[in-house]
$ cat model_12.txt   # compact mmCIF, C-alpha atoms
# COMPACT_ATOMS: atom_id res chain seq x y z
CA MET A 1 40.94 -22.89 178.40
CA VAL A 2 38.32 -22.27 175.69
CA SER A 3 35.99 -19.42 176.57
CA GLN A 4 32.23 -19.77 176.49
CA GLU A 5 32.06 -17.44 173.46
CA GLN A 6 34.68 -19.46 171.58
CA ARG A 7 32.84 -22.67 172.38
CA ARG A 8 29.56 -21.17 171.22
CA ARG A 9 31.09 -20.14 167.91
CA GLN A 10 32.68 -23.53 167.46
CA LEU A 11 29.34 -25.24 168.02
CA ALA A 12 27.64 -22.88 165.59
CA ARG A 13 30.21 -23.67 162.92
CA GLU A 14 29.81 -27.40 163.53
CA LYS A 15 26.05 -27.05 163.27
CA PHE A 16 26.36 -25.23 159.95
CA LEU A 17 28.59 -27.98 158.56
CA ARG A 18 26.24 -30.73 159.83
CA GLN A 19 23.24 -29.15 158.19
CA GLN A 20 25.16 -28.46 154.99
CA GLN A 21 26.20 -32.12 154.78
CA ARG A 22 22.72 -33.41 155.63
CA ARG A 23 20.92 -31.26 153.10
CA THR A 24 23.31 -31.92 150.25
CA ALA A 25 23.34 -35.66 151.04
CA ALA A 26 19.54 -35.61 150.89
CA ARG A 27 19.74 -33.95 147.49
CA ARG A 28 22.04 -36.69 146.22
CA LYS A 29 19.82 -39.47 147.63
CA ALA A 30 16.71 -37.89 146.11
CA ARG A 31 18.39 -37.71 142.69
CA THR A 32 19.48 -41.35 142.87
CA ARG A 33 16.10 -42.60 143.99
CA ASN A 34 14.20 -40.62 141.38
CA SER A 35 16.40 -41.93 138.57
CA VAL A 36 15.60 -45.51 139.68
CA ILE A 37 11.87 -44.78 139.84
CA ALA A 38 11.94 -43.11 136.44
CA SER A 39 13.74 -46.07 134.86
CA VAL A 40 11.05 -48.47 136.15
CA LEU A 41 7.93 -46.42 135.57
CA GLY A 42 9.12 -44.21 132.73
CA VAL A 43 7.90 -41.10 134.57
CA VAL A 44 9.23 -38.61 137.10
CA VAL A 45 7.39 -39.07 140.39
CA ILE A 46 7.10 -35.47 141.49
CA GLY A 47 4.93 -36.31 144.49
CA SER A 48 7.64 -38.54 145.95
CA VAL A 49 10.21 -35.77 145.61
CA ALA A 50 7.94 -33.35 147.41
CA LEU A 51 7.30 -35.76 150.28
CA TYR A 52 10.98 -36.59 150.61
CA THR A 53 11.97 -32.93 150.69
CA THR A 54 9.34 -32.21 153.33
CA GLY A 55 10.77 -34.97 155.49
CA VAL A 56 14.26 -33.54 155.19
CA MET A 57 13.12 -30.11 156.29
CA LYS A 58 11.28 -31.56 159.27
CA ASN A 59 14.44 -33.33 160.37
CA ASP A 60 16.41 -30.09 160.07
CA LYS A 61 13.91 -28.26 162.25
CA LYS A 62 13.95 -31.03 164.85
CA ASP A 63 17.76 -30.93 164.99
CA ASP A 64 17.71 -27.14 165.21
CA LYS A 65 15.33 -27.23 168.17
CA ALA A 66 17.36 -29.85 169.99
CA ASN A 67 20.66 -28.02 169.55
CA ALA A 68 19.63 -24.36 169.62
CA SER A 69 20.43 -23.80 173.29
CA ALA A 70 23.89 -25.36 173.00
CA ASP A 71 24.87 -24.03 169.58
CA VAL A 72 23.95 -20.37 169.59
CA THR A 73 22.50 -17.56 171.61
CA PRO A 74 19.11 -16.43 170.22
CA SER A 75 19.26 -13.12 168.39
CA ALA A 76 16.87 -10.21 168.66
CA SER A 77 14.82 -11.66 165.79
CA ALA A 78 13.52 -14.31 168.21
CA THR A 79 11.30 -11.70 169.82
CA SER A 80 10.99 -8.97 167.18
CA LYS A 81 11.19 -9.17 163.41
CA ALA A 82 12.94 -6.33 161.61
CA PRO A 83 11.07 -4.70 158.73
CA ASP A 84 11.68 -6.21 155.30
CA PRO A 85 14.25 -3.94 153.58
CA CYS A 86 13.66 -5.42 150.13
CA GLU A 87 11.25 -4.94 147.25
CA LYS A 88 8.67 -7.35 145.87
CA PRO A 89 10.07 -9.89 143.40
CA ALA A 90 9.76 -9.29 139.69
CA LYS A 91 7.01 -11.19 137.89
CA GLY A 92 8.05 -14.60 136.69
CA SER A 93 8.63 -18.13 137.90
CA VAL A 94 11.57 -20.43 138.50
CA LYS A 95 12.53 -22.60 135.54
CA LYS A 96 12.69 -26.33 136.18
CA LEU A 97 15.94 -27.20 134.46
CA SER A 98 18.33 -30.14 134.79
CA TRP A 99 21.27 -31.55 132.87
CA LYS A 100 23.05 -34.89 133.01
CA LYS A 101 26.62 -33.61 132.74
CA GLU A 102 28.77 -30.57 133.32
CA PRO A 103 28.60 -28.07 130.45
CA THR A 104 31.40 -27.93 127.90
CA MET A 105 34.16 -25.49 128.79
CA THR A 106 33.62 -22.27 126.82
CA ILE A 107 35.11 -19.51 128.96
CA ASP A 108 38.40 -17.75 128.29
CA THR A 109 40.44 -18.25 131.45
CA SER A 110 42.62 -15.26 130.60
CA ALA A 111 39.62 -12.90 130.50
CA LYS A 112 37.75 -11.14 133.28
CA TYR A 113 34.20 -12.14 134.12
CA THR A 114 31.60 -10.51 136.35
CA MET A 115 28.42 -12.02 137.74
CA LYS A 116 25.56 -9.66 138.49
CA LEU A 117 22.82 -10.78 140.83
CA ALA A 118 19.94 -8.34 140.38
CA THR A 119 18.07 -9.04 143.62
CA THR A 120 15.02 -7.62 145.29
CA CYS A 121 17.36 -6.07 147.86
CA GLY A 122 19.75 -4.46 145.37
CA ASP A 123 22.40 -5.47 142.86
CA ILE A 124 25.25 -7.70 143.99
CA ASP A 125 28.20 -7.65 141.59
CA VAL A 126 30.80 -10.40 141.86
CA ALA A 127 34.25 -10.41 140.24
CA LEU A 128 34.74 -14.03 139.16
CA LYS A 129 38.02 -15.96 139.36
CA ALA A 130 38.02 -17.60 135.94
CA ALA A 131 41.71 -18.56 135.96
CA ALA A 132 41.63 -20.09 139.46
CA ALA A 133 38.20 -21.76 139.26
CA PRO A 134 37.46 -22.32 135.55
CA HIS A 135 34.96 -25.18 135.96
CA THR A 136 32.96 -23.21 138.52
CA VAL A 137 32.92 -19.96 136.56
CA ASN A 138 32.09 -21.80 133.34
CA SER A 139 29.18 -23.55 135.07
CA PHE A 140 27.81 -20.31 136.46
CA GLY A 141 28.06 -18.66 133.06
CA PHE A 142 26.14 -21.57 131.56
CA LEU A 143 23.44 -21.63 134.25
CA ALA A 144 22.97 -17.86 134.24
CA GLY A 145 22.66 -17.91 130.46
CA LYS A 146 19.87 -20.48 130.73
CA GLY A 147 17.98 -18.38 133.30
CA TYR A 148 18.50 -21.06 135.94
CA PHE A 149 18.91 -18.61 138.84
CA ASP A 150 16.18 -16.19 137.78
CA HIS A 151 13.34 -15.77 140.34
CA THR A 152 15.06 -18.05 142.86
CA LYS A 153 15.14 -17.30 146.58
CA CYS A 154 18.26 -17.09 148.69
CA HIS A 155 17.04 -19.67 151.17
CA ARG A 156 19.47 -19.49 154.08
CA LEU A 157 21.05 -16.83 156.28
CA THR A 158 23.52 -17.68 159.05
CA THR A 159 24.14 -14.90 161.55
CA ASN A 160 26.04 -16.58 164.37
CA GLY A 161 29.44 -18.29 164.34
CA ILE A 162 29.70 -17.92 160.58
CA TYR A 163 28.12 -15.19 158.49
CA VAL A 164 26.81 -16.24 155.10
CA LEU A 165 23.86 -15.90 152.75
CA GLN A 166 23.22 -19.07 150.74
CA CYS A 167 21.57 -19.03 147.32
CA GLY A 168 21.39 -20.98 144.07
CA ASP A 169 18.73 -23.59 144.84
CA PRO A 170 15.65 -23.33 142.59
CA THR A 171 13.65 -25.43 145.07
CA GLY A 172 14.42 -23.07 147.95
CA THR A 173 14.89 -26.05 150.29
CA GLY A 174 18.66 -26.52 150.29
CA THR A 175 18.41 -29.82 148.38
CA GLY A 176 18.19 -28.62 144.78
CA GLY A 177 20.81 -28.65 142.05
CA PRO A 178 21.39 -28.62 138.26
CA GLY A 179 21.65 -32.41 137.89
CA TYR A 180 25.42 -32.43 137.44
CA THR A 181 28.38 -31.76 139.71
CA ILE A 182 31.62 -29.82 139.26
CA PRO A 183 35.05 -30.36 140.81
CA ASP A 184 36.42 -28.51 143.82
CA GLU A 185 38.83 -25.78 142.79
CA ASN A 186 41.05 -23.08 144.23
CA LEU A 187 41.05 -24.50 147.77
CA LYS A 188 44.51 -23.02 148.35
CA ASP A 189 43.47 -19.50 147.42
CA LYS A 190 45.77 -17.01 149.10
CA SER A 191 42.77 -15.20 150.58
CA LEU A 192 41.93 -18.21 152.78
CA LYS A 193 44.28 -17.65 155.70
CA GLY A 194 43.87 -19.34 159.07
CA ASP A 195 40.76 -21.26 157.96
CA VAL A 196 38.89 -18.00 157.46
CA TYR A 197 36.74 -17.10 154.48
CA PRO A 198 37.00 -13.31 154.46
CA ALA A 199 34.04 -10.98 154.01
CA GLY A 200 33.19 -10.62 150.34
CA THR A 201 34.08 -14.20 149.40
CA VAL A 202 31.67 -16.12 147.18
CA ALA A 203 32.12 -19.88 147.47
CA MET A 204 30.46 -23.16 146.49
CA ALA A 205 28.36 -25.32 148.77
CA ASN A 206 29.06 -29.05 148.43
CA GLN A 207 28.59 -32.47 150.02
CA TYR A 208 32.03 -32.85 151.56
CA ASN A 209 32.14 -34.59 154.95
CA ALA A 210 35.40 -33.81 156.74
CA SER A 211 35.03 -36.63 159.28
CA SER A 212 34.82 -39.32 156.57
CA ASN A 213 36.76 -37.44 153.90
CA GLN A 214 33.96 -38.25 151.47
CA GLY A 215 32.09 -36.00 149.07
CA ARG A 216 34.81 -34.14 147.22
CA HIS A 217 33.93 -32.61 143.84
CA THR A 218 30.19 -32.44 144.52
CA GLY A 219 29.45 -28.78 143.88
CA GLY A 220 26.24 -28.04 141.98
CA SER A 221 24.52 -24.67 141.79
CA GLN A 222 24.29 -23.64 145.46
CA PHE A 223 26.73 -21.00 146.67
CA PHE A 224 27.21 -18.75 149.66
CA LEU A 225 28.20 -15.11 150.01
CA VAL A 226 30.25 -14.20 153.08
CA TYR A 227 29.22 -10.84 154.57
CA GLN A 228 31.57 -11.02 157.58
CA ASP A 229 34.82 -12.91 158.14
CA SER A 230 33.85 -16.54 158.87
CA GLN A 231 35.97 -19.35 160.21
CA LEU A 232 35.54 -22.37 157.94
CA PRO A 233 37.97 -25.04 156.73
CA PRO A 234 39.10 -24.56 153.09
CA ASN A 235 36.74 -27.15 151.66
CA TYR A 236 34.51 -24.86 149.59
CA THR A 237 35.61 -23.50 146.21
CA PRO A 238 36.12 -19.71 146.43
CA PHE A 239 35.28 -18.41 142.98
CA GLY A 240 34.44 -14.73 143.34
CA THR A 241 34.59 -11.51 145.33
CA VAL A 242 31.64 -9.21 146.05
CA SER A 243 31.96 -5.54 145.14
CA GLU A 244 31.83 -2.79 147.77
CA ALA A 245 28.30 -1.84 146.73
CA GLY A 246 27.28 -5.50 146.84
CA MET A 247 28.61 -5.80 150.39
CA LYS A 248 26.25 -3.03 151.48
CA VAL A 249 23.36 -5.06 150.08
CA LEU A 250 24.53 -8.18 151.94
CA LYS A 251 24.85 -6.30 155.21
CA LYS A 252 21.34 -4.90 154.76
CA ILE A 253 20.01 -8.43 154.32
CA ALA A 254 21.94 -9.68 157.34
CA ALA A 255 20.72 -6.81 159.51
CA ALA A 256 17.12 -7.94 158.97
CA GLY A 257 18.00 -11.30 160.58
CA GLU A 258 16.67 -14.79 159.98
CA ASN A 259 13.38 -16.40 160.88
CA THR A 260 14.37 -18.81 163.67
CA GLY A 261 16.01 -16.35 166.05
CA ALA A 262 18.72 -18.97 166.58
CA GLY A 263 21.19 -17.70 164.00
CA ASP A 264 20.47 -20.04 161.09
CA GLY A 265 17.33 -19.99 159.00
CA ALA A 266 15.54 -18.35 156.11
CA PRO A 267 16.26 -14.61 155.77
CA ASN A 268 13.61 -12.26 157.10
CA ALA A 269 14.37 -10.09 154.07
CA THR A 270 12.67 -11.15 150.83
CA VAL A 271 15.86 -12.06 148.96
CA VAL A 272 15.02 -13.14 145.43
CA ILE A 273 17.40 -13.14 142.47
CA ASN A 274 15.27 -11.49 139.79
CA LYS A 275 18.00 -11.96 137.19
CA ALA A 276 21.53 -13.39 137.16
CA THR A 277 23.98 -12.58 134.40
CA VAL A 278 27.62 -13.40 133.74
CA THR A 279 29.51 -11.07 131.41
CA LYS A 280 32.99 -11.06 129.95
CA SER A 281 35.04 -7.87 129.96
$ encode --input "model_12.txt" --output "C-alpha cells"
Amino acid sequence: MVSQEQRRRQLAREKFLRQQQRRTAARRKARTRNSVIASVLGVVVIGSVALYTTGVMKNDKKDDKANASADVTPSASATSKAPDPCEKPAKGSVKKLSWKKEPTMTIDTSAKYTMKLATTCGDIDVALKAAAAPHTVNSFGFLAGKGYFDHTKCHRLTTNGIYVLQCGDPTGTGTGGPGYTIPDENLKDKSLKGDVYPAGTVAMANQYNASSNQGRHTGGSQFFLVYQDSQLPPNYTPFGTVSEAGMKVLKKIAAAGENTGAGDGAPNATVVINKATVTKS
C-alpha cells in the first residue's frame, strides 16, 4: 500500500511535470503565433506576447490553487516569509536576444569547461559535461558569451516532492527561450540511478510530454539546479555538476522558501544571475 507521504510526493512530482509541460508548450505556441503575425504585418507585436504570457500565468495560478491541497502540504512560508538572504542585483538590464538556429559547434569536447553563475546570493560554479552533452555545453557557452543570462532572475523554486531551482528565462515567466532548440543528450548518464536526479545535478528543462511521447529535443535556455535528491524520469539532459560551495548557495536559497507556501513558486530570495560565464580549462 502506498503511504500518504509517498502519494503526496508522487502528486507533487506530477504537478511539477504538468506545469513544466504547460509552460514550455505555451512558449512554443507564442513563438509560432508571433512568427505568423510578423510575416503578415512585418512587425513584432509585443503587446500580444505580453497578454498571452499573462494568460498563461493566470492559468498556472488557477491550477495551483485547485490542486494545492491534494499535491503538497503547505510549508512554513505560507504563514511567515523568511528574510531575504541575498544582495541587491547589480545594475543593468536583461538583453532581448533571439536566434533562428542552434549555434555552430565550437567547443573542444576533450577539454574541461566550467560555468560560473555570479548570483546575488553567491557564486555557483558548475563543472560542465562537454563530452557527454556537447550541444548543450556549446549552447551555454554561446549564450553566456552573448550576455544572454546576465541580470536574469531564477524564476522558480520547488521545495516539495522534487527540489530544484529553475533559471535561464530572460522573461522570468517560464515561457522564454533563445529562439532555437537543442537535442536531448546524456539521458543515460550513470549518475541517474532509479529515476533520481542527485543533488548537485544541473539539467535542461524541455517540452517533453511522457504521456504522448512528444516534445523530444526541445531544450532552449532554461535549466534547473537540483539542491536535494529528486525523483524524476531521465528525460532532462544532465549537463553539469554544482561545486560544494555552489551547493551551499543553493541550500541558502531553498531555505528561504518560495512565495506560494505550497512548495512551487517564485523564490523568496532575490535570485538574480548578475553574470554568467563559461570558461575552458
$ atom_distance --input "model_12.txt" --atom1 "CA of Val226 (chain A)" --atom2 "CA of Asn186 (chain A)"
16.5 Å
$ closest_residue --input "model_12.txt" --among "A:Glu258, A:Asp189, A:Asp125, A:Asp229" --to "Val278 (chain A)" --atoms "all atoms listed in the file"
A:Asp125
$ residues_near_point --input "model_12.txt" --point "(28.8, -13.8, 158.5)" --cutoff "10 Å" --atoms "all atoms listed in the file" --output "list of chain:residue names"
A:Leu157, A:Thr158, A:Thr159, A:Asn160, A:Gly161, A:Ile162, A:Tyr163, A:Val164, A:Leu165, A:Tyr197, A:Pro198, A:Ala199, A:Gly200, A:Leu225, A:Val226, A:Tyr227, A:Gln228, A:Asp229, A:Ser230, A:Gln231, A:Leu250, A:Lys251, A:Ala254
$ atom_distance --input "model_12.txt" --atom1 "CA of Gly141 (chain A)" --atom2 "CA of Gln20 (chain A)"
24.2 Å
$ atom_distance --input "model_12.txt" --atom1 "CA of Ala82 (chain A)" --atom2 "CA of Met247 (chain A)"
19.3 Å
$ closest_residue --input "model_12.txt" --among "A:Lys116, A:Lys190, A:His151, A:His135" --to "Thr104 (chain A)" --atoms "only C-alpha atoms"
A:His135
$ closest_residue --input "model_12.txt" --among "A:Arg156, A:Ser221, A:Lys129, A:Gly194" --to "Gly257 (chain A)" --atoms "only C-alpha atoms"
A:Arg156
$ closest_residue --input "model_12.txt" --among "A:Gln21, A:Met204, A:Gly263, A:Ala130" --to "Ser110 (chain A)" --atoms "all atoms listed in the file"
A:Ala130
$ closest_residue --input "model_12.txt" --among "A:Gly172, A:Pro178, A:Gly219, A:Pro85" --to "Tyr148 (chain A)" --atoms "only C-alpha atoms"
A:Pro178
$ axis_aligned_box --input "model_12.txt" --around "region 218-223 of chain A" --padding-each-side "6 Å" --output "lines of an AutoDock Vina configuration file"
center_x = 27.2
center_y = -26.7
center_z = 144.2
size_x = 17.9
size_y = 23.4
size_z = 16.9
$ closest_residue --input "model_12.txt" --among "A:Thr277, A:Asn206, A:Glu87, A:Ala131" --to "Leu143 (chain A)" --atoms "all atoms listed in the file"
A:Thr277
$ residues_around --input "model_12.txt" --residues "Ala133 (chain A)" --least-positions-apart "3" --cutoff "10 Å" --atoms "all atoms listed in the file" --output "VMD selection string"
chain A and resid 109 128 to 130 136 to 138 183 to 187 189 237 to 240
$ residues_around --input "model_12.txt" --residues "Ala269 (chain A)" --least-positions-apart "4" --cutoff "7 Å" --atoms "only C-alpha atoms" --output "number ranges by chain"
A: 84-86, 253, 256
$ write_last_selection --input "model_12.txt" --atoms "C-alpha atoms" --output "PDB file, in the coordinates of the input"
ATOM      1  CA  ASP A  84      11.680  -6.210 155.300  1.00  0.00           C
ATOM      2  CA  PRO A  85      14.250  -3.940 153.580  1.00  0.00           C
ATOM      3  CA  CYS A  86      13.660  -5.420 150.130  1.00  0.00           C
ATOM      4  CA  ILE A 253      20.010  -8.430 154.320  1.00  0.00           C
ATOM      5  CA  ALA A 256      17.120  -7.940 158.970  1.00  0.00           C
TER       6      ALA A 256
END
